[in-house]
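The structure file entry-v2.txt is reproduced below (compact mmCIF, C-alpha atoms).
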# COMPACT_ATOMS: atom_id res chain seq x y z
CA MET A 213 -28.58 18.26 6.71
CA ASP A 214 -30.23 19.97 3.75
CA PRO A 215 -33.59 18.20 3.14
CA GLU A 216 -33.64 19.19 -0.56
CA THR A 217 -30.33 17.66 -1.57
CA GLN A 218 -29.85 15.28 1.37
CA SER A 219 -26.40 16.72 1.88
CA MET A 220 -24.46 18.20 4.77
CA LYS A 221 -21.91 20.97 4.49
CA LEU A 222 -19.10 21.90 6.90
CA THR A 223 -16.55 24.69 6.62
CA PHE A 224 -13.34 25.27 8.59
CA ASN A 225 -10.49 27.79 8.53
CA ILE A 226 -6.82 26.86 8.76
CA HIS A 227 -4.01 29.24 9.74
CA GLY A 228 -0.50 28.84 8.39
CA GLY A 229 2.01 27.82 11.06
CA ASP A 230 -0.68 26.95 13.61
CA PHE A 231 0.26 23.38 14.49
CA THR A 232 -1.79 23.48 17.70
CA HIS A 233 -5.07 23.44 15.82
CA ALA A 234 -4.03 21.27 12.88
CA GLY A 235 -6.30 18.26 12.90
CA GLN A 236 -9.39 19.91 14.37
CA PRO A 237 -11.31 19.83 11.07
CA SER A 238 -10.31 16.17 10.55
CA SER A 239 -11.43 15.39 14.08
CA GLU A 240 -14.83 17.04 13.51
CA VAL A 241 -15.30 15.24 10.18
CA LYS A 242 -14.43 11.95 11.85
CA LYS A 243 -17.12 12.49 14.51
CA VAL A 244 -19.75 13.37 11.90
CA LEU A 245 -18.95 10.33 9.74
CA LYS A 246 -19.08 8.06 12.80
CA GLN A 247 -22.50 9.45 13.69
CA LEU A 248 -23.66 8.75 10.14
CA GLY A 249 -22.62 5.13 10.61
CA ILE A 250 -19.96 5.11 7.89
CA ASP A 251 -17.64 2.09 7.97
CA GLY A 252 -14.50 2.55 10.10
CA LYS A 253 -11.98 1.77 7.38
CA THR A 254 -13.58 4.27 5.01
CA ILE A 255 -13.56 6.93 7.74
CA LYS A 256 -9.90 6.30 8.48
CA GLY A 257 -8.90 6.84 4.83
CA ILE A 258 -10.90 10.06 4.61
CA VAL A 259 -9.62 11.61 7.83
CA ILE A 260 -6.01 10.66 7.15
CA ALA A 261 -6.18 12.31 3.71
CA LEU A 262 -7.80 15.42 5.21
CA TYR A 263 -5.30 15.55 8.07
CA GLU A 264 -2.39 15.33 5.63
CA ALA A 265 -3.96 18.16 3.61
CA GLU A 266 -4.40 20.25 6.75
CA VAL A 267 -0.79 19.70 7.78
CA ASN A 268 0.28 20.78 4.29
CA VAL A 269 -1.59 24.07 4.64
CA VAL A 270 -0.20 24.69 8.15
CA ALA A 271 3.31 23.76 7.01
CA HIS A 272 3.47 25.63 3.72
CA ALA A 273 0.68 28.16 3.25
CA TRP A 274 -0.45 31.40 4.89
CA LYS A 275 -4.07 30.45 5.38
CA GLY A 276 -6.69 28.14 4.02
CA THR A 277 -10.20 26.77 4.19
CA VAL A 278 -11.69 23.30 4.29
CA GLU A 279 -15.07 22.77 2.66
CA VAL A 280 -16.74 19.44 3.25
CA GLU A 281 -19.88 18.15 1.58
CA ILE A 282 -21.36 14.83 2.58
CA ASP A 283 -24.23 13.21 0.72
CA GLU A 284 -25.63 9.69 0.72
CA SER A 285 -22.97 8.19 -1.50
CA LYS A 286 -19.81 10.21 -0.98
CA ILE A 287 -17.80 12.88 0.77
CA THR A 288 -16.21 15.72 -1.18
CA ILE A 289 -13.51 17.75 0.53
CA ILE A 290 -11.98 20.90 -0.93
CA VAL A 291 -8.92 22.32 0.82
CA ARG A 292 -8.05 25.72 -0.59
CA ASP A 293 -5.05 27.74 0.50
CA GLU A 294 -3.38 31.05 -0.12
CA GLY A 295 0.29 30.26 -0.22
CA PRO A 296 3.42 29.70 -2.28
CA GLY A 297 1.78 27.10 -4.52
CA ILE A 298 3.43 23.97 -5.91
CA PRO A 299 5.65 24.66 -8.96
CA ASP A 300 5.85 21.00 -10.04
CA ILE A 301 2.93 18.86 -8.83
CA GLU A 302 4.30 15.68 -10.39
CA LEU A 303 7.54 16.11 -8.44
CA ALA A 304 5.62 16.88 -5.23
CA MET A 305 3.64 13.65 -5.68
CA GLN A 306 6.84 11.59 -5.53
CA ALA A 307 7.31 9.81 -2.19
CA GLY A 308 10.14 11.43 -0.27
CA TYR A 309 10.15 14.77 -2.08
CA SER A 310 9.77 17.58 0.45
CA THR A 311 10.32 21.31 0.79
CA ALA A 312 9.30 21.37 4.46
CA SER A 313 11.14 23.58 6.94
CA LYS A 314 13.09 22.38 9.96
CA LYS A 315 10.21 23.46 12.20
CA VAL A 316 7.76 21.29 10.26
CA ARG A 317 10.13 18.32 10.52
CA GLU A 318 10.42 18.86 14.27
CA MET A 319 6.64 18.50 14.44
CA GLY A 320 6.98 14.99 12.99
CA PHE A 321 6.10 15.81 9.40
CA GLY A 322 7.80 16.95 6.22
CA ALA A 323 8.98 13.54 5.04
CA GLY A 324 7.53 13.98 1.59
CA MET A 325 4.81 11.41 2.22
CA GLY A 326 1.78 13.71 2.45
CA LEU A 327 0.61 13.95 -1.15
CA PRO A 328 1.30 10.28 -2.01
CA ASN A 329 -0.58 9.29 1.16
CA MET A 330 -3.52 11.51 0.20
CA LYS A 331 -3.59 9.77 -3.19
CA LYS A 332 -3.56 6.37 -1.48
CA ASN A 333 -6.44 7.26 0.84
CA THR A 334 -8.83 8.92 -1.63
CA ASP A 335 -10.89 7.65 -4.54
CA GLU A 336 -10.33 10.86 -6.48
CA LEU A 337 -7.67 13.50 -5.89
CA ILE A 338 -7.34 16.65 -7.95
CA ILE A 339 -4.59 19.17 -7.20
CA GLU A 340 -4.50 22.58 -8.81
CA SER A 341 -1.84 25.08 -7.94
CA GLU A 342 -0.55 28.47 -8.95
CA VAL A 343 2.87 29.65 -7.79
CA ASP A 344 2.68 32.56 -5.29
CA LYS A 345 -1.14 32.33 -5.22
CA GLY A 346 -2.07 29.03 -3.66
CA THR A 347 -3.18 25.45 -3.99
CA THR A 348 -6.58 23.78 -4.17
CA VAL A 349 -6.94 20.11 -3.38
CA LYS A 350 -10.18 18.28 -4.11
CA MET A 351 -10.68 14.85 -2.61
CA ILE A 352 -13.63 12.54 -3.12
CA ASN A 353 -14.29 9.30 -1.25
CA TYR A 354 -17.26 7.06 -1.98
CA PHE A 355 -19.02 5.24 0.84
CA LEU A 356 -19.20 1.47 0.62
CA MET B 248 -0.23 -8.28 24.79
CA LYS B 249 -2.13 -6.30 27.40
CA LEU B 250 -1.31 -2.63 27.91
CA ARG B 251 -0.76 -3.55 31.56
CA GLU B 252 2.09 -5.88 30.51
CA ILE B 253 3.56 -3.22 28.24
CA ALA B 254 3.58 -0.78 31.14
CA ALA B 255 5.32 -3.35 33.37
CA VAL B 256 7.98 -4.22 30.76
CA LEU B 257 8.76 -0.56 30.12
CA ASN B 258 8.60 0.54 33.76
CA ALA B 259 6.05 3.04 32.49
CA THR B 260 3.54 5.20 34.27
CA ILE B 261 0.01 5.55 32.93
CA SER B 262 -0.86 9.20 32.49
CA CYS B 263 -4.20 8.73 30.75
CA GLY B 264 -6.68 5.96 30.03
CA ALA B 265 -5.96 3.73 33.04
CA GLU B 266 -9.38 2.12 32.48
CA ARG B 267 -8.08 0.64 29.22
CA ILE B 268 -5.12 -1.08 30.85
CA ASP B 269 -6.49 -4.57 30.16
CA ASP B 270 -6.97 -3.91 26.43
CA GLU B 271 -5.02 -6.17 24.11
CA VAL B 272 -2.70 -4.89 21.39
CA GLU B 273 -1.05 -7.20 18.94
CA MET B 274 1.47 -5.00 17.21
CA GLY B 275 3.83 -2.12 17.84
CA TYR B 276 5.31 0.62 15.68
CA SER B 277 8.19 2.86 16.74
CA SER B 278 8.57 6.21 15.03
CA ASP B 279 9.15 9.88 15.68
CA LEU B 280 7.90 10.60 12.19
CA MET B 281 4.13 10.99 12.08
CA SER B 282 4.17 11.02 8.26
CA ASP B 283 5.15 7.34 8.38
CA VAL B 284 2.60 6.47 11.07
CA LEU B 285 -0.12 7.88 8.82
CA THR B 286 0.79 5.45 6.04
CA LEU B 287 -0.02 2.36 8.15
CA ASP B 288 -3.07 0.27 7.35
CA THR B 289 -3.04 -1.53 10.69
CA ASP B 290 -4.92 -0.02 13.59
CA ASN B 291 -4.81 -2.26 16.66
CA LEU B 292 -1.32 -1.17 17.56
CA VAL B 293 0.67 0.71 20.12
CA LEU B 294 2.69 3.67 18.90
CA ILE B 295 6.07 4.03 20.57
CA THR B 296 7.45 7.52 20.10
CA GLY B 297 9.66 10.24 21.49
CA LEU B 298 7.69 12.93 19.68
CA VAL B 299 5.92 14.82 22.41
CA ASN B 300 3.49 17.27 20.86
CA LEU B 301 -0.19 17.56 20.07
CA GLN B 302 0.33 16.19 16.58
CA ALA B 303 1.39 12.82 17.97
CA ILE B 304 -2.05 12.54 19.58
CA ARG B 305 -3.83 13.89 16.49
CA THR B 306 -2.00 11.38 14.33
CA ALA B 307 -3.05 8.55 16.62
CA GLU B 308 -6.62 9.84 16.55
CA MET B 309 -6.78 9.82 12.75
CA ALA B 310 -5.03 6.47 12.47
CA ASP B 311 -7.31 4.81 15.07
CA ILE B 312 -4.37 4.09 17.39
CA ARG B 313 -5.62 3.64 20.96
CA ALA B 314 -2.33 3.48 22.87
CA ILE B 315 0.87 5.54 22.81
CA VAL B 316 4.10 4.99 24.73
CA LEU B 317 6.17 8.14 25.18
CA VAL B 318 9.82 7.16 25.60
CA ARG B 319 13.06 8.86 26.73
CA ASN B 320 11.35 10.02 29.92
CA LYS B 321 9.23 12.56 28.04
CA LYS B 322 6.06 13.78 29.67
CA ALA B 323 2.81 14.50 27.88
CA THR B 324 1.61 18.11 28.14
CA ASP B 325 -1.78 18.88 29.70
CA GLN B 326 -3.11 19.72 26.25
CA MET B 327 -1.96 16.33 24.93
CA LEU B 328 -3.56 14.49 27.85
CA GLU B 329 -6.82 16.36 27.40
CA LEU B 330 -7.02 15.41 23.73
CA ALA B 331 -5.95 11.83 24.41
CA CYS B 332 -8.56 11.39 27.17
CA GLU B 333 -11.24 12.90 24.97
CA ASN B 334 -10.43 10.25 22.38
CA GLY B 335 -10.29 7.37 24.85
CA MET B 336 -6.58 6.74 24.39
CA CYS B 337 -4.12 5.22 26.81
CA ILE B 338 -0.85 7.15 27.29
CA LEU B 339 2.16 5.47 28.90
CA GLU B 340 5.39 7.25 29.81
CA SER B 341 8.62 5.23 29.92
CA PRO B 342 12.09 6.32 31.08
CA TYR B 343 13.71 4.02 28.47
CA SER B 344 15.02 4.97 25.02
CA LEU B 345 13.10 4.22 21.83
CA PHE B 346 15.56 1.43 21.03
CA LYS B 347 15.36 -0.19 24.46
CA SER B 348 11.59 0.10 24.64
CA SER B 349 11.14 -1.43 21.20
CA GLY B 350 13.62 -4.21 21.96
CA LEU B 351 11.98 -5.14 25.25
CA LEU B 352 8.51 -5.19 23.75
CA PHE B 353 9.66 -7.27 20.78
CA GLN B 354 11.28 -9.72 23.18
CA ALA B 355 8.07 -9.87 25.21
CA GLY B 356 6.13 -10.90 22.10
CA LEU B 357 4.73 -7.69 20.65
CA LYS B 358 4.69 -8.11 16.86
CA PRO B 359 6.11 -5.71 14.27
CA ILE B 360 3.88 -4.47 11.43
CA TYR B 361 6.62 -5.12 8.86
Exercise: express the given structure as structure tokens:
Amino acid sequence: MDPETQSMKLTFNIHGGDFTHAGQPSSEVKKVLKQLGIDGKTIKGIVIALYEAEVNVVAHAWKGTVEVEIDESKITIIVRDEGPGIPDIELAMQAGYSTASKKVREMGFGAGMGLPNMKKNTDELIIESEVDKGTTVKMINYFL
Amino acid sequence: MKLREIAAVLNATISCGAERIDDEVEMGYSSDLMSDVLTLDTDNLVLITGLVNLQAIRTAEMADIRAIVLVRNKKATDQMLELACENGMCILESPYSLFKSSGLLFQAGLKPIY
């Protein structure tokens, strides 16, 4: 906790294709939010959105980072990846649209529900993407 | 329905979280697709799945699901059990299919989410 700004920052790395460790950042964030006494329903929305974002990086990108900033009123999460990017974000936001590989589907994902579910579980969601460079997802959730 | 009753109905063994066997769950959800599990708003439920990998446990962790039934005679890996125990989950392993398990639990009074 930074005494000046009353905020807490956490950073994690994600490796493309590494399904074993997908979810570790979400798990850590969940523990921190619990310790801060944030309401359970709010925590669930935040960690589900982050977990979906993590799975997206593991499933589609080469590598990525998760930057989390928690202050008194909100949590801001930025998931940045180096990867193929999303050519048509509007299309990717449609429920059921997916470009996931067979391997990703075998892991129980790739149903085209990730981005719509992130939208549902966040107060603000901003997706920026450049083809063959990568994607940045910014998610903000306000505490009750 | 108590987890103990679920285990009896499904002829299941408890591979983790035996201390939670008297916990009550009201609803069940059967899916091998974690994407769908993550869209649920309910949390006091038992997940019935044939997906045996770490992501099934991670999904349950994020979705606040405290009990998982692994069907089709699948066995949880050590890594899965470690993560499940760490999160205070109960893992049951049943020899029955997903269809049979779901049918028996529905018949025994476990409610569907939708």
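Rounded to one decimal, CA of Lys315 (chain A) and CA of Ala303 (chain B) lie 15.0 Å from each other.
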Query - Neighbours of chain B in chain A at 9 Å, counting all atoms listed in the file, as a PyMOL selection string - result: chain A and resi 231-236+238-239+242+255-257+259-260+263-264+317-326+329+332
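Across the structure, CA of Asp335 (chain A) and CA of Val267 (chain A) are spaced 20.0 Å apart.
Put simply, CA of Lys345 (chain A) is 5.6 Å away from CA of Gly295 (chain A).
Residues lying at most 9 Å from (10.2, -1.4, 33.1) in file coordinates, with only C-alpha atoms considered, are Ile253, Ala254, Ala255, Val256, Leu257, Asn258, Ala259, Ser341, Pro342, Tyr343, Ser348 and Leu351 of chain B.
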Report task. Excluding Thr277 (chain A) and any residue of its chain fewer than 5 positions from it, enumerate the residues within 7 Å of it, using only C-alpha atoms, and give them as a PyMOL selection string. Result -> chain A and resi 224-226+291-293
Requested in this report: Could you please give me, as a PyMOL selection string, the residues of protein, DNA or RNA lying at most 6 Å from (1.6, -5.9, 12.1) in the coordinate frame of the file, considering all atoms listed in the file?
Outcome: chain B and resi 274+359-360
